[in-house]
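Here is the structure we will look at.
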2 protein chains.
Amino acid sequence: MSEGPRRDYKWWGWGDPEVEPALDAEALAVLEQEIGELRPSRRVGSIEEIALPDPTPLPPGLAGAVGEEWVLDGPEDRVRHAAGRGYPDLVRLRSGGLEGAPDAVVMPAEGSQIARVLEICAAEGVAVVPFGGGTSVVGGVAPLRGEAKRLVSLDLARLRDVAVDSRSLVARLGAGLRGPEAEAALGRQGLTLGHFPQSFEYATVGGFAATRSAGQASSGYGRFDSLVTSVRLLAPAGEMATQATPHTAAGPALRELIVGSEGVLGVIPDVSVRVRPAPEKRRYEAWFAESFEAGAEIVRGLSQSGALPDVIRLSDEDETRVSLALSGPRGTSRALLERYLRLRGVGGGCILIVGIEGDEESVARRRALAVRGLRAGGAVSLGGAAGRAWEKGRYQGPYLRDTLMDLGALVETLETAHEWSGLQGLYERVREALAQSLAAQGTPGLVFCHLSHAYPDGASLYFTFIARARAGEELEQWRAVKAAACEAILDAGGTITHHHAIGRDHAPYMEREVGPLGVDALRALKERLDPAGIMNPGKLLP
Amino acid sequence: MSEGPRRDYKWWGWGDPEVEPALDAEALAVLEQEIGELRPSRRVGSIEEIALPDPTPLPPGLAGAVGEEWVLDGPEDRVRHAAGRGYPDLVRLRSGGLEGAPDAVVMPAEGSQIARVLEICAAEGVAVVPFGGGTSVVGGVAPLRGEAKRLVSLDLARLRDVAVDSRSLVARLGAGLRGPEAEAALGRQGLTLGHFPQSFEYATVGGFAATRSAGQASSGYGRFDSLVTSVRLLAPAGEMATQATPHTAAGPALRELIVGSEGVLGVIPDVSVRVRPAPEKRRYEAWFAESFEAGAEIVRGLSQSGALPDVIRLSDEDETRVSLALSGPRGTSRALLERYLRLRGVGGGCILIVGIEGDEESVARRRALAVRGLRAGGAVSLGGAAGRAWEKGRYQGPYLRDTLMDLGALVETLETAHEWSGLQGLYERVREALAQSLAAQGTPGLVFCHLSHAYPDGASLYFTFIARARAGEELEQWRAVKAAACEAILDAGGTITHHHAIGRDHAPYMEREVGPLGVDALRALKERLDPAGIMNPGKLLP
């Protein structure tokens, strides 16, 4: 590829600039009934309206390392690399109140150029933020300078090589490949990676690895980290590469140090991952469970008996109700709503999305096992149309967030995980913390949740909350709610993140997550691999 | 438990002192035909004949930390903790030529005692070797002192607590539990861990974790490291514990730093692992593949289509021939031999052991899938009796090694792994290196191999070699062959160890395995967690 940097996404919001879903009057009325009247918020109309400080001049060697045309310091590229896509990022972008922006965007073409860039930046004290799709929702690409005076965003979009070993079913994928690009390249050989996070359309392979991403089908295909067979890290101190082997007992797993390193140890230029034959058939359907607790028991049973579908997603009562009312935000549809209402009336009950992929025979076989578990747990089928509607809308959530923010709403998500024995307690505690914190600020909200990413020993919980934004104080409002949720998660024994990673937003909780000695161990690694401390300052480590 | 240290195993060899399998005259004749005439070797008859240096006095605080009766410095305990169970260990034990022995064996009862022992040893410069079952075959428990003048073996046999969360199917197991003890405790609740390495009878849970053990059924149940949900490390610098969660995206995986740390970072006092319902049914059978290559293709197909049995083990032509001839060493039987001979005549062909466990229905379902793959690959069934014979003899290998050593043979095993596309090349290269190195020393040998631990992307290879021992020069002979094999493995792109770990024997190859920066990163961790450098000197790191 020799095009310039990617500009095919909204600079101020999520994804495709052509896609701006509306919320119809009926849905808005339902929402306002729940959270109060919304007052539309305004956003900056163009990048030119954003006041950026002049870029600080960078070491001239950088242009030598990657070629002059690949060091970009115009306002558009700086703004496009100034924030991720979490709620606070969007608040800043929309208000034009960016705390900072990179002094330039540097776009290396391959590993040796990255090594040279890191060498120069380490020598000259320039902070480096590795940048894939820029879709982090935890501040993972925020341009925090730390001790440095200058900062570059290292955009990996040019690293898009694909090399497939079809005998071993392993593919080496360049870090800059977006989800659909990786799938297209594999699809041409009849293969799939099977990794479909909600950010799929814009997130990159490098980001999947650096953040331990999990996708909507990860119950079946495995989380991204479990797909990685080997990986390279280009650190300021040099290169580290793990063996291409299905497994090794050669000491602590360095692969597991590189995966999840969130750019603070170095740059991941490419990743080798397990791939598999693209499924002949994809069967998605919706089921209806009596309650969240009953649904969770069904999922636990399926997980522990080897009958887990590839996609399993249980909405709680509130998510079920709200998503049906809003007709789309959680990916469901009117058609489903009508069936559902016929079935149950208005209150109670939970939607369970079940997706199975593979060849005809294995889909049939695995579905039979799953159906047995679903029925045994008292679930009722809502049919294939509702499941397909969910599948079709699976990437729509972030688009609707923009719409809701335009309308004046705070919309945020967060996630955690726990063992089955602690899951219900975690669910209740976090829900309560979110509701109380929103109410205490005079903006009572909607809080809902789904259970996904099931394992034999536990599952993740994914919370969404919507409330009136406190105009002009959106960040303070968000901070208070986020803090309440994080404290509740840790108090209940959950992990601070199942798949969004630590980034900037969770860094203050890292010590409670891994303990002081865990933080110390990670610091020791960082000091050895990045002695000048230039890699992604302010992320991961408190 | 309040008994003393374990003395229920041969101090000079493997396992149960009552078990000393004989090799009948016919089998011996076959063997000598292959490797030349053997001259029985002698071994020291009793521990008293071994000259041990007087123990160096230890800090008196140790007795205060664990109780005086748990600091043992008698010759029997010192000898029993002076070596693992690799070939060079056995050579030393049998000759009485121990390089060293711990100054004492220290047996803590729980974590706080371990912490206190480490504190004292760090302050006083006493090396500490964590000791589980003492079954390492790579020198993992060798009493190497490093910079220290004194050394204690920290025997974890008293740490045997079991706590089961039957809702999450997670059990916290004390490090000192042996395989059968853990299975018995879980079995009382209808559960199993499913971890059955050849060392099962004597190896411990702590050792499984510290070395990334893999068991004979790990294709189905998962390697030990994949069963670990959370783990604790007691390091000289303090305690590190990972979250009890099925997964976390909170940065690099500290769990994967503790697992595989081989005692060089600290002590693992207990491990939480996934367990599952004990199988109702275990169906083992033997199949016969045309060739090793054809058999490997069958296993690859099963792995890549989700049809992998719990146990899969493909012997190459030589292992098939020799194990049948020796009637037992690789776990097969005369009955099998006869059937096999009827089927094929003497030369060529490979035994494939297939084991499936679970409830009636799932065994039937999974077997049908496996059988389809086996037949499609041209395999022929040898029936259940042969498979059960293998299962029955699955732990016998190390006993037969003692018998063969008595007869004057060198017997050793080593293992590696690679992706499927590199596996055949790795196989040929290592086999050739072993054969050539043995021949070059005037002791041409038998070299054979099996493929096991299959994954979608690759598999492990497990080599055995038998030759006449060079009396009085056993260690030199072993070193030359081992070095040739290690070089061949790395040249062919394999990992230096799939499940035996690094220990002392593979430490010189660690830099080629993980690269100089990988070694540096591990050193940085070690320096932070064990600043005085007392933990298991001479292991893992070159």
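Scheme for the structure tokens: letters A, B, ... for chains in order shown; per-chain residue numbers from 1; ligand numbers from 1 in order shown.
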
If DSSP is run on the backbone, what residues of stretch 375-529 of chain A are helix (DSSP H, G or I)? A reply as a count of residues only would be ideal. 83

Within 7 Å of A:Gly355, counting only C-alpha atoms, which residues qualify if same-chain residues fewer than 2 places away don't, as a PyMOL selection string? chain A and resi 283-285+309-312+353+357

Proximal residues of chain A relative to chain B (only C-alpha atoms; 6 Å) as a ChimeraX atom specification: /A:167-169,212,240,245-246,248-253,256-257,260-261,418-421,457-458,497-499,501-502,517-518,521,524-525

Considering only C-alpha atoms, give me a table of residues in stretch 202-299 of chain A that are at most 9 Å from stretch 378-389 of chain A, with the closest atom pair and distance in Å for each, as CSV.
```
residue,atom,partner,partner_atom,distance
A:Arg283,CA,A:Gly384,CA,7.6
A:Tyr284,CA,A:Gly387,CA,4.7
A:Glu285,CA,A:Gly387,CA,3.6
A:Ala286,CA,A:Gly387,CA,4.6
A:Trp287,CA,A:Ser381,CA,4.4
A:Phe288,CA,A:Val380,CA,5.1
A:Ala289,CA,A:Ala379,CA,4.6
A:Glu290,CA,A:Ala379,CA,6.9
A:Ala294,CA,A:Gly378,CA,8.0
A:Gly295,CA,A:Ala379,CA,7.7
A:Ile298,CA,A:Ala379,CA,8.3
```

Limited to C-alpha atoms, could you put the picked residues into a file as a PDB file, in the first residue's frame?
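As written to disk, out.pdb reads:
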```pdb
ATOM      1  CA  ARG A 283     -26.730 -20.165  12.223  1.00  0.00           C
ATOM      2  CA  TYR A 284     -27.806 -17.366  14.530  1.00  0.00           C
ATOM      3  CA  GLU A 285     -30.940 -17.429  16.554  1.00  0.00           C
ATOM      4  CA  ALA A 286     -32.499 -15.789  19.569  1.00  0.00           C
ATOM      5  CA  TRP A 287     -33.823 -17.484  22.654  1.00  0.00           C
ATOM      6  CA  PHE A 288     -35.662 -16.170  25.600  1.00  0.00           C
ATOM      7  CA  ALA A 289     -34.696 -16.985  29.187  1.00  0.00           C
ATOM      8  CA  GLU A 290     -36.895 -16.467  32.209  1.00  0.00           C
ATOM      9  CA  ALA A 294     -31.728 -18.476  34.832  1.00  0.00           C
ATOM     10  CA  GLY A 295     -30.050 -17.496  31.571  1.00  0.00           C
ATOM     11  CA  ILE A 298     -27.972 -22.059  31.016  1.00  0.00           C
TER      12      ILE A 298
END
```

Need to verify the contact set: B:Arg43, 12 Å, only C-alpha atoms, exclusion of same-chain residues closer than 6 positions in sequence. Can you return it as JSON, numbers by chain? {"B": [11, 12, 13, 49, 50, 90, 91, 92, 93, 94, 95, 96, 97, 402, 403, 405, 406, 407, 408, 471, 472]}

Give me the residues within 12 Å of A:Glu361 as a list of chain:residue names, counting only C-alpha atoms and dropping any in the same chain fewer than 2 places off.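 Within the cut-off, the hits are A:Pro279, A:Glu280, A:Lys281, A:Arg282, A:Arg283, A:Ile356, A:Glu357, A:Gly358, A:Asp359, A:Val363, A:Ala364, A:Arg365, A:Arg366, A:Arg367, A:Ala368, B:Ser305, B:Leu369.
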
If DSSP is run on the backbone, what residues of stretch 212-343 of chain B are strand (DSSP E)? A reply as a tab-separated table (two decimals) with N, CA and C atoms, in the first residue's frame would be ideal.
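For reference, part04.tsv as written:
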```
chain	number	residue	atom	x	y	z
B	228	VAL	N	-4.52	-23.69	34.38
B	228	VAL	CA	-4.33	-22.78	35.51
B	228	VAL	C	-5.21	-21.54	35.33
B	229	THR	N	-6.04	-21.25	36.31
B	229	THR	CA	-6.86	-20.04	36.24
B	229	THR	C	-6.21	-18.89	37.02
B	230	SER	N	-5.61	-19.21	38.15
B	230	SER	CA	-4.87	-18.18	38.87
B	230	SER	C	-3.80	-18.86	39.71
B	231	VAL	N	-2.83	-18.08	40.10
B	231	VAL	CA	-1.66	-18.67	40.74
B	231	VAL	C	-1.01	-17.63	41.63
B	232	ARG	N	-0.32	-18.11	42.65
B	232	ARG	CA	0.43	-17.22	43.54
B	232	ARG	C	1.91	-17.50	43.41
B	233	LEU	N	2.70	-16.46	43.59
B	233	LEU	CA	4.15	-16.62	43.65
B	233	LEU	C	4.63	-15.96	44.93
B	234	LEU	N	5.39	-16.72	45.72
B	234	LEU	CA	6.06	-16.13	46.88
B	234	LEU	C	7.51	-15.93	46.49
B	235	ALA	N	7.86	-14.69	46.23
B	235	ALA	CA	9.22	-14.35	45.82
B	235	ALA	C	9.94	-13.73	47.00
B	238	GLY	N	8.49	-10.47	47.76
B	238	GLY	CA	7.10	-10.37	48.22
B	238	GLY	C	6.19	-11.34	47.50
B	239	GLU	N	4.89	-11.11	47.65
B	239	GLU	CA	3.91	-12.03	47.06
B	239	GLU	C	3.25	-11.42	45.83
B	240	MET	N	3.05	-12.24	44.81
B	240	MET	CA	2.31	-11.82	43.63
B	240	MET	C	1.19	-12.83	43.44
B	241	ALA	N	-0.04	-12.34	43.28
B	241	ALA	CA	-1.17	-13.25	43.07
B	241	ALA	C	-1.99	-12.73	41.92
B	270	ASP	N	0.49	-22.63	45.80
B	270	ASP	CA	-0.74	-23.31	45.38
B	270	ASP	C	-1.17	-22.76	44.03
B	271	VAL	N	-2.04	-23.48	43.38
B	271	VAL	CA	-2.45	-23.16	42.02
B	271	VAL	C	-3.95	-23.41	41.93
B	272	SER	N	-4.67	-22.49	41.27
B	272	SER	CA	-6.09	-22.76	41.00
B	272	SER	C	-6.22	-23.23	39.56
B	273	VAL	N	-6.94	-24.33	39.40
B	273	VAL	CA	-7.01	-24.97	38.09
B	273	VAL	C	-8.45	-25.32	37.73
B	274	ARG	N	-8.70	-25.37	36.43
B	274	ARG	CA	-9.99	-25.84	35.94
B	274	ARG	C	-10.08	-27.35	36.17
B	276	ARG	N	-12.99	-30.82	35.87
B	276	ARG	CA	-14.25	-31.16	35.18
B	276	ARG	C	-14.80	-32.47	35.72
B	277	PRO	N	-16.04	-32.76	35.38
B	277	PRO	CA	-16.61	-34.00	35.90
B	277	PRO	C	-15.75	-35.20	35.48
B	281	LYS	N	-16.81	-42.80	31.18
B	281	LYS	CA	-16.30	-43.85	30.29
B	281	LYS	C	-14.95	-43.41	29.75
B	282	ARG	N	-14.05	-44.38	29.58
B	282	ARG	CA	-12.74	-44.12	28.97
B	282	ARG	C	-12.56	-45.15	27.88
B	283	ARG	N	-12.50	-44.72	26.68
B	283	ARG	CA	-12.37	-45.68	25.59
B	283	ARG	C	-11.02	-45.50	24.90
B	284	TYR	N	-10.16	-46.48	25.11
B	284	TYR	CA	-8.82	-46.46	24.53
B	284	TYR	C	-8.73	-47.54	23.49
B	285	GLU	N	-8.13	-47.21	22.36
B	285	GLU	CA	-7.94	-48.24	21.36
B	285	GLU	C	-6.68	-47.95	20.56
B	286	ALA	N	-6.24	-48.97	19.84
B	286	ALA	CA	-5.05	-48.79	19.01
B	286	ALA	C	-5.45	-48.88	17.55
B	287	TRP	N	-4.80	-48.07	16.76
B	287	TRP	CA	-4.97	-48.09	15.32
B	287	TRP	C	-3.59	-48.26	14.70
B	288	PHE	N	-3.63	-48.51	13.43
B	288	PHE	CA	-2.39	-48.80	12.74
B	288	PHE	C	-2.34	-47.93	11.49
B	289	ALA	N	-1.32	-47.05	11.41
B	289	ALA	CA	-1.18	-46.18	10.23
B	289	ALA	C	-0.07	-46.70	9.34
B	311	VAL	N	-6.58	-38.45	24.07
B	311	VAL	CA	-5.22	-38.98	23.96
B	311	VAL	C	-4.98	-39.32	22.50
B	312	ILE	N	-3.89	-38.83	21.96
B	312	ILE	CA	-3.51	-39.26	20.62
B	312	ILE	C	-2.00	-39.40	20.63
B	313	ARG	N	-1.53	-40.50	20.11
B	313	ARG	CA	-0.12	-40.79	20.24
B	313	ARG	C	0.27	-41.71	19.12
B	314	LEU	N	1.11	-41.18	18.24
B	314	LEU	CA	1.52	-41.91	17.04
B	314	LEU	C	2.98	-42.29	17.17
B	315	SER	N	3.26	-43.58	17.27
B	315	SER	CA	4.65	-44.04	17.32
B	315	SER	C	5.21	-44.11	15.90
```

Which residues come within 10 Å of B:Arg401, counting only C-alpha atoms, excluding same-chain residues fewer than 5 positions away, as a PyMOL selection string? chain B and resi 13-14+20-21+87+90+329+396+406-407+409-412+466

Mind writing the picked residues with N, CA, C and O atoms as a PDB file, in the first residue's frame?
```
ATOM      1  N   GLY B  13      16.621 -44.456  41.770  1.00  0.00           N
ATOM      2  CA  GLY B  13      15.981 -44.658  40.473  1.00  0.00           C
ATOM      3  C   GLY B  13      14.562 -44.139  40.494  1.00  0.00           C
ATOM      4  O   GLY B  13      14.224 -43.229  41.245  1.00  0.00           O
ATOM      5  N   TRP B  14      13.718 -44.747  39.668  1.00  0.00           N
ATOM      6  CA  TRP B  14      12.360 -44.244  39.530  1.00  0.00           C
ATOM      7  C   TRP B  14      11.346 -44.982  40.398  1.00  0.00           C
ATOM      8  O   TRP B  14      11.253 -46.206  40.350  1.00  0.00           O
ATOM      9  N   GLU B  20      10.309 -53.459  40.011  1.00  0.00           N
ATOM     10  CA  GLU B  20      11.531 -53.539  39.216  1.00  0.00           C
ATOM     11  C   GLU B  20      11.282 -54.515  38.080  1.00  0.00           C
ATOM     12  O   GLU B  20      11.608 -55.700  38.179  1.00  0.00           O
ATOM     13  N   PRO B  21      10.700 -54.020  36.985  1.00  0.00           N
ATOM     14  CA  PRO B  21      10.329 -54.930  35.895  1.00  0.00           C
ATOM     15  C   PRO B  21      11.561 -55.589  35.276  1.00  0.00           C
ATOM     16  O   PRO B  21      12.596 -54.954  35.114  1.00  0.00           O
ATOM     17  N   TYR B  87      18.468 -38.837  33.058  1.00  0.00           N
ATOM     18  CA  TYR B  87      19.530 -39.840  32.936  1.00  0.00           C
ATOM     19  C   TYR B  87      20.797 -39.413  33.672  1.00  0.00           C
ATOM     20  O   TYR B  87      21.351 -40.197  34.454  1.00  0.00           O
ATOM     21  N   LEU B  90      20.420 -39.926  37.338  1.00  0.00           N
ATOM     22  CA  LEU B  90      20.453 -41.338  37.742  1.00  0.00           C
ATOM     23  C   LEU B  90      21.871 -41.882  37.686  1.00  0.00           C
ATOM     24  O   LEU B  90      22.274 -42.673  38.549  1.00  0.00           O
ATOM     25  N   PRO B 329       8.035 -51.399  27.034  1.00  0.00           N
ATOM     26  CA  PRO B 329       8.674 -50.141  27.396  1.00  0.00           C
ATOM     27  C   PRO B 329       7.885 -48.917  26.949  1.00  0.00           C
ATOM     28  O   PRO B 329       7.866 -47.918  27.624  1.00  0.00           O
ATOM     29  N   GLN B 396       4.839 -46.928  32.975  1.00  0.00           N
ATOM     30  CA  GLN B 396       5.904 -47.917  33.179  1.00  0.00           C
ATOM     31  C   GLN B 396       7.262 -47.525  32.623  1.00  0.00           C
ATOM     32  O   GLN B 396       8.292 -48.070  33.037  1.00  0.00           O
ATOM     33  N   ASP B 406      20.500 -50.894  34.566  1.00  0.00           N
ATOM     34  CA  ASP B 406      21.147 -52.018  35.251  1.00  0.00           C
ATOM     35  C   ASP B 406      21.865 -52.924  34.242  1.00  0.00           C
ATOM     36  O   ASP B 406      22.928 -53.471  34.520  1.00  0.00           O
ATOM     37  N   LEU B 407      21.249 -53.074  33.096  1.00  0.00           N
ATOM     38  CA  LEU B 407      21.821 -53.953  32.074  1.00  0.00           C
ATOM     39  C   LEU B 407      22.994 -53.315  31.346  1.00  0.00           C
ATOM     40  O   LEU B 407      23.664 -53.944  30.542  1.00  0.00           O
ATOM     41  N   ALA B 409      22.711 -50.007  29.780  1.00  0.00           N
ATOM     42  CA  ALA B 409      22.298 -49.159  28.666  1.00  0.00           C
ATOM     43  C   ALA B 409      22.194 -47.694  29.066  1.00  0.00           C
ATOM     44  O   ALA B 409      21.897 -47.366  30.221  1.00  0.00           O
ATOM     45  N   LEU B 410      22.459 -46.845  28.098  1.00  0.00           N
ATOM     46  CA  LEU B 410      22.073 -45.444  28.150  1.00  0.00           C
ATOM     47  C   LEU B 410      20.634 -45.355  27.637  1.00  0.00           C
ATOM     48  O   LEU B 410      20.347 -45.872  26.551  1.00  0.00           O
ATOM     49  N   VAL B 411      19.743 -44.761  28.404  1.00  0.00           N
ATOM     50  CA  VAL B 411      18.353 -44.590  27.972  1.00  0.00           C
ATOM     51  C   VAL B 411      17.959 -43.169  28.288  1.00  0.00           C
ATOM     52  O   VAL B 411      18.031 -42.748  29.446  1.00  0.00           O
ATOM     53  N   GLU B 412      17.536 -42.447  27.293  1.00  0.00           N
ATOM     54  CA  GLU B 412      17.157 -41.065  27.563  1.00  0.00           C
ATOM     55  C   GLU B 412      16.035 -40.655  26.607  1.00  0.00           C
ATOM     56  O   GLU B 412      15.856 -41.269  25.541  1.00  0.00           O
ATOM     57  N   ILE B 466      18.300 -45.377  22.965  1.00  0.00           N
ATOM     58  CA  ILE B 466      18.902 -46.427  23.791  1.00  0.00           C
ATOM     59  C   ILE B 466      20.200 -46.855  23.117  1.00  0.00           C
ATOM     60  O   ILE B 466      20.213 -47.092  21.908  1.00  0.00           O
TER      61      ILE B 466
END
```

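Of note, atom CA of A:Glu473 and atom CA of A:Gly442 are spaced 12.5 Å apart.
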
Rank nothing, just name the residue among A:Thr56, A:Gly393, A:Glu360, A:Gly84 nearest to A:Pro102, using only C-alpha atoms.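 Smallest distance to A:Pro102 is found for A:Thr56.
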
Spatial neighbours of A:Asp505, max dist 9 Å, only C-alpha atoms, sep filter under 5 positions, as number ranges by chain: A: 137-140, 482, 539-540

I need the chosen residues saved as a compact mmCIF listing (two decimals), in the first residue's frame, with all heavy atoms.
```txt
# COMPACT_ATOMS: atom_id res chain seq x y z
N VAL A 137 -11.10 2.29 23.72
CA VAL A 137 -12.12 2.96 24.53
C VAL A 137 -11.64 3.19 25.96
O VAL A 137 -12.42 3.50 26.85
CB VAL A 137 -13.45 2.17 24.55
CG1 VAL A 137 -14.11 2.21 23.17
CG2 VAL A 137 -13.24 0.74 25.00
N VAL A 138 -10.33 3.01 26.18
CA VAL A 138 -9.78 3.23 27.53
C VAL A 138 -8.61 4.21 27.50
O VAL A 138 -7.76 4.21 28.39
CB VAL A 138 -9.34 1.89 28.18
CG1 VAL A 138 -10.57 1.01 28.47
CG2 VAL A 138 -8.35 1.14 27.30
N GLY A 139 -8.58 5.04 26.47
CA GLY A 139 -7.49 6.03 26.40
C GLY A 139 -6.16 5.46 25.99
O GLY A 139 -5.12 6.06 26.26
N GLY A 140 -6.18 4.31 25.31
CA GLY A 140 -4.92 3.64 24.96
C GLY A 140 -4.04 4.39 23.98
O GLY A 140 -2.84 4.15 23.93
N LYS A 482 -17.45 6.36 36.37
CA LYS A 482 -16.42 5.36 36.04
C LYS A 482 -15.71 4.91 37.32
O LYS A 482 -15.48 3.71 37.52
CB LYS A 482 -15.42 5.99 35.06
CG LYS A 482 -14.25 5.11 34.67
CD LYS A 482 -14.65 4.05 33.68
CE LYS A 482 -13.43 3.24 33.25
NZ LYS A 482 -13.83 2.09 32.41
N LYS A 539 0.10 4.98 30.14
CA LYS A 539 -0.81 3.87 29.90
C LYS A 539 -0.35 2.64 30.70
O LYS A 539 0.83 2.50 30.95
CB LYS A 539 -0.85 3.49 28.41
CG LYS A 539 -0.84 4.63 27.45
CD LYS A 539 -2.04 5.55 27.60
CE LYS A 539 -1.76 6.92 26.98
NZ LYS A 539 -1.22 6.86 25.62
N LEU A 540 -1.28 1.82 31.01
CA LEU A 540 -1.05 0.51 31.63
C LEU A 540 -0.52 0.60 33.06
O LEU A 540 -1.12 0.09 33.98
CB LEU A 540 -0.12 -0.35 30.77
CG LEU A 540 0.13 -1.78 31.26
CD1 LEU A 540 -1.15 -2.57 31.34
CD2 LEU A 540 1.12 -2.51 30.35
```

Go ahead and compute the interatomic distance for atom CA of A:Glu181 and atom CA of A:Glu3, in Å to one decimal.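 Atom CA of A:Glu3 lies 15.1 Å from atom CA of A:Glu181.
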
Mind checking which residues fall within 12 Å of A:Ala51, counting only C-alpha atoms, ignoring those fewer than 5 positions away in the same chain, and posting them as a ChimeraX atom specification? /A:44,46,75-76,78-79,93,95-101

Okay, now the selection with N, CA and C atoms, as a short mmCIF file (atom, residue, chain, number, x, y, z; two decimals), in the first residue's frame?
```cif
data_model
loop_
_atom_site.label_atom_id
_atom_site.label_comp_id
_atom_site.auth_asym_id
_atom_site.auth_seq_id
_atom_site.Cartn_x
_atom_site.Cartn_y
_atom_site.Cartn_z
N VAL A 44 -18.32 20.63 17.51
CA VAL A 44 -17.50 21.42 16.58
C VAL A 44 -17.75 20.92 15.17
N SER A 46 -15.99 21.45 12.25
CA SER A 46 -14.89 21.02 11.37
C SER A 46 -13.57 21.03 12.14
N PRO A 75 -2.96 19.57 10.54
CA PRO A 75 -3.97 19.50 11.61
C PRO A 75 -4.88 18.28 11.50
N GLU A 76 -5.28 17.90 10.29
CA GLU A 76 -6.22 16.77 10.21
C GLU A 76 -5.60 15.50 10.76
N ARG A 78 -3.11 15.21 12.79
CA ARG A 78 -2.85 15.34 14.23
C ARG A 78 -4.14 15.12 15.03
N VAL A 79 -5.25 15.70 14.57
CA VAL A 79 -6.52 15.51 15.29
C VAL A 79 -6.96 14.04 15.21
N LEU A 93 -13.22 15.51 21.57
CA LEU A 93 -13.21 15.79 20.12
C LEU A 93 -14.38 16.68 19.74
N SER A 95 -16.02 18.76 21.56
CA SER A 95 -15.95 20.11 22.12
C SER A 95 -14.77 20.89 21.54
N GLY A 96 -13.89 20.17 20.84
CA GLY A 96 -12.69 20.83 20.35
C GLY A 96 -11.66 21.06 21.44
N GLY A 97 -11.93 20.51 22.60
CA GLY A 97 -11.03 20.76 23.73
C GLY A 97 -9.96 19.69 23.89
N LEU A 98 -9.25 19.39 22.84
CA LEU A 98 -8.19 18.38 22.94
C LEU A 98 -7.10 18.83 23.90
N GLU A 99 -6.71 17.94 24.78
CA GLU A 99 -5.63 18.26 25.72
C GLU A 99 -4.30 18.43 24.99
N GLY A 100 -4.21 17.71 23.93
CA GLY A 100 -2.95 17.73 23.21
C GLY A 100 -3.14 16.96 21.95
N ALA A 101 -2.22 17.02 21.07
CA ALA A 101 -2.25 16.21 19.85
C ALA A 101 -0.80 15.86 19.57
#
```

Can you work out the spacing between atom CA of B:Arg39 and atom CA of B:Leu324 in Å, to one decimal? 23.2 Å
